[in-house]
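This report refers to the structure that appears directly beneath it.
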Amino acid sequence: MATAIITGASQGIGACIAKRLAKDGFDVVINHYPSDSDKEKALAVAEECRAFGVKAEYYSADVSKFADCENMVKQVKADFGTIDALVNNAGITKDSLLARMTEEAYDTVIAVNQKSVYNMMKNVCSVMMKQKHGSIVNVSSVAGLYGNAGQVNYSASKSAIIGMTKSVAKEYGRKNIRCNAVAPGLIRTPMTDVLSDDLKAKMLEAVALRRYGEPEEIASVVSFLVSENSSYITGQVIEISGGLSM
Ligand code: NAD
């Protein structure tokens, strides 16, 4: 049985990806932020995944910390035997215009959204290299492609992920490890629930399909990218935004 790790999978897009990959037949590793509420939610996600007849366990790790990722990957390897897919999904926003953006807001977003991807890929790639196969999907954002006012920190982190994706694809292609990114647009999750109605309406005006994306519409593309159906695709960024920019 193939194993997939999904970071930040206690809710939103990550939880949806975990359930979709479980449905596809993957054993799933549900990473959650080390808090009681995230643990509770991860436990519920694991139960939903197990309903598909696969193994599903939840692991606490702050993915912005290298040691947490190192320990989690070691434990997953011991518990599951292989790591066939990695989805770097964990992410946060701390939005404000640059003039008001604190250094703390900048550094925290970079640590959680960008450094975490280094932390996870560094540890998982050494496992995948020995296996001589693997597929990685990094969750970027349209903010990383086009920028967004109020998101200098977030768009920096999401652009960086794209560069990291292409570099890892080039480094590890000969080892049969693929690395791609998805760039979601406006997706209905707890992250976007907090935006004001005015802002949401304004953002939707730029979307050709004139509606939000659903987490399932991200999960289906991730499902494709970790499957053999995409066996000749690496180093690519797939925008999933309902036609935000064409
Ligand atoms: P969300 O807030 O619902 O979920 C984010 C998850 O990441 C949560 O489970 C949270 O606990 C986890 N997380 C945060 N910090 C963590 C840490 N240090 N260690 C481990 N886990 C941590 O948000 P979402 O909308 O589901 O976002 C998922 C990903 O998709 C993020 O990377 C986000 O940037 C990206 N994205 C979302 C949208 C959107 O419109 N919702 C658009 C583009 C990109």
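In the structure tokens, each chain is lettered A, B, ... as it comes, each chain's residues begin at 1, and ligands are numbered from 1 in order of appearance.
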Sort by chain and increasing residue number a table of all residues of chain A within 8 Å of ligand 1, each with its closest pair of atoms and their distance in Å to one decimal, counting only C-alpha atoms and all ligand atoms, and write it as a Markdown table.
```
| residue | atom | partner | partner_atom_place_in_ligand_line | distance |
| --- | --- | --- | --- | --- |
| A:Thr7 | CA | ligand 1 | 21 (N) | 5.9 |
| A:Gly8 | CA | ligand 1 | 7 (O) | 3.6 |
| A:Ala9 | CA | ligand 1 | 9 (O) | 5.0 |
| A:Ser10 | CA | ligand 1 | 9 (O) | 4.3 |
| A:Gln11 | CA | ligand 1 | 9 (O) | 4.6 |
| A:Gly12 | CA | ligand 1 | 26 (O) | 3.5 |
| A:Ile13 | CA | ligand 1 | 26 (O) | 3.7 |
| A:Gly14 | CA | ligand 1 | 26 (O) | 5.6 |
| A:Ala15 | CA | ligand 1 | 9 (O) | 7.4 |
| A:Asn31 | CA | ligand 1 | 20 (C) | 6.5 |
| A:His32 | CA | ligand 1 | 21 (N) | 4.9 |
| A:Tyr33 | CA | ligand 1 | 20 (C) | 3.8 |
| A:Pro34 | CA | ligand 1 | 20 (C) | 7.2 |
| A:Asp38 | CA | ligand 1 | 11 (O) | 6.0 |
| A:Ser60 | CA | ligand 1 | 20 (C) | 7.6 |
| A:Ala61 | CA | ligand 1 | 20 (C) | 5.8 |
| A:Asp62 | CA | ligand 1 | 19 (N) | 3.6 |
| A:Val63 | CA | ligand 1 | 19 (N) | 4.1 |
| A:Ser64 | CA | ligand 1 | 18 (N) | 5.0 |
| A:Lys65 | CA | ligand 1 | 18 (N) | 7.6 |
| A:Asn88 | CA | ligand 1 | 32 (O) | 7.5 |
| A:Asn89 | CA | ligand 1 | 32 (O) | 4.6 |
| A:Ala90 | CA | ligand 1 | 7 (O) | 3.7 |
| A:Gly91 | CA | ligand 1 | 32 (O) | 3.6 |
| A:Ile92 | CA | ligand 1 | 14 (C) | 5.4 |
| A:Thr93 | CA | ligand 1 | 34 (O) | 7.0 |
| A:Ala111 | CA | ligand 1 | 18 (N) | 8.0 |
| A:Val112 | CA | ligand 1 | 18 (N) | 5.0 |
| A:Asn113 | CA | ligand 1 | 32 (O) | 6.4 |
| A:Ser116 | CA | ligand 1 | 18 (N) | 7.7 |
| A:Val139 | CA | ligand 1 | 32 (O) | 5.4 |
| A:Ser140 | CA | ligand 1 | 44 (C) | 5.7 |
| A:Ser141 | CA | ligand 1 | 43 (C) | 4.1 |
| A:Val142 | CA | ligand 1 | 43 (C) | 6.3 |
| A:Ala143 | CA | ligand 1 | 43 (C) | 7.3 |
| A:Tyr154 | CA | ligand 1 | 34 (O) | 7.7 |
| A:Lys158 | CA | ligand 1 | 34 (O) | 7.6 |
| A:Ala183 | CA | ligand 1 | 43 (C) | 6.2 |
| A:Pro184 | CA | ligand 1 | 43 (C) | 4.2 |
| A:Gly185 | CA | ligand 1 | 42 (C) | 4.8 |
| A:Leu186 | CA | ligand 1 | 40 (O) | 3.9 |
| A:Ile187 | CA | ligand 1 | 40 (O) | 3.6 |
| A:Arg188 | CA | ligand 1 | 41 (N) | 5.8 |
| A:Thr189 | CA | ligand 1 | 25 (O) | 4.7 |
| A:Pro190 | CA | ligand 1 | 3 (O) | 4.4 |
| A:Met191 | CA | ligand 1 | 2 (O) | 4.3 |
| A:Thr192 | CA | ligand 1 | 41 (N) | 5.3 |
| A:Gly213 | CA | ligand 1 | 40 (O) | 7.8 |
| A:Pro215 | CA | ligand 1 | 26 (O) | 7.4 |
```
request  = Identify, with DSSP run on backbone atoms, the residues in range 36-199 of chain A assigned to helix (DSSP H, G or I), and express the list as an MDAnalysis selection string.
outcome  = chainID A and resid 36:50 66:80 98:100 103:131 142:146 152:175 190:193 197:199
remark   = Residue with the minimum atom-to-atom distance to Met164 in chain A, picked from A:Thr102, A:Asn176, A:Thr82, A:Gln236 with only C-alpha atoms counted, is A:Gln236
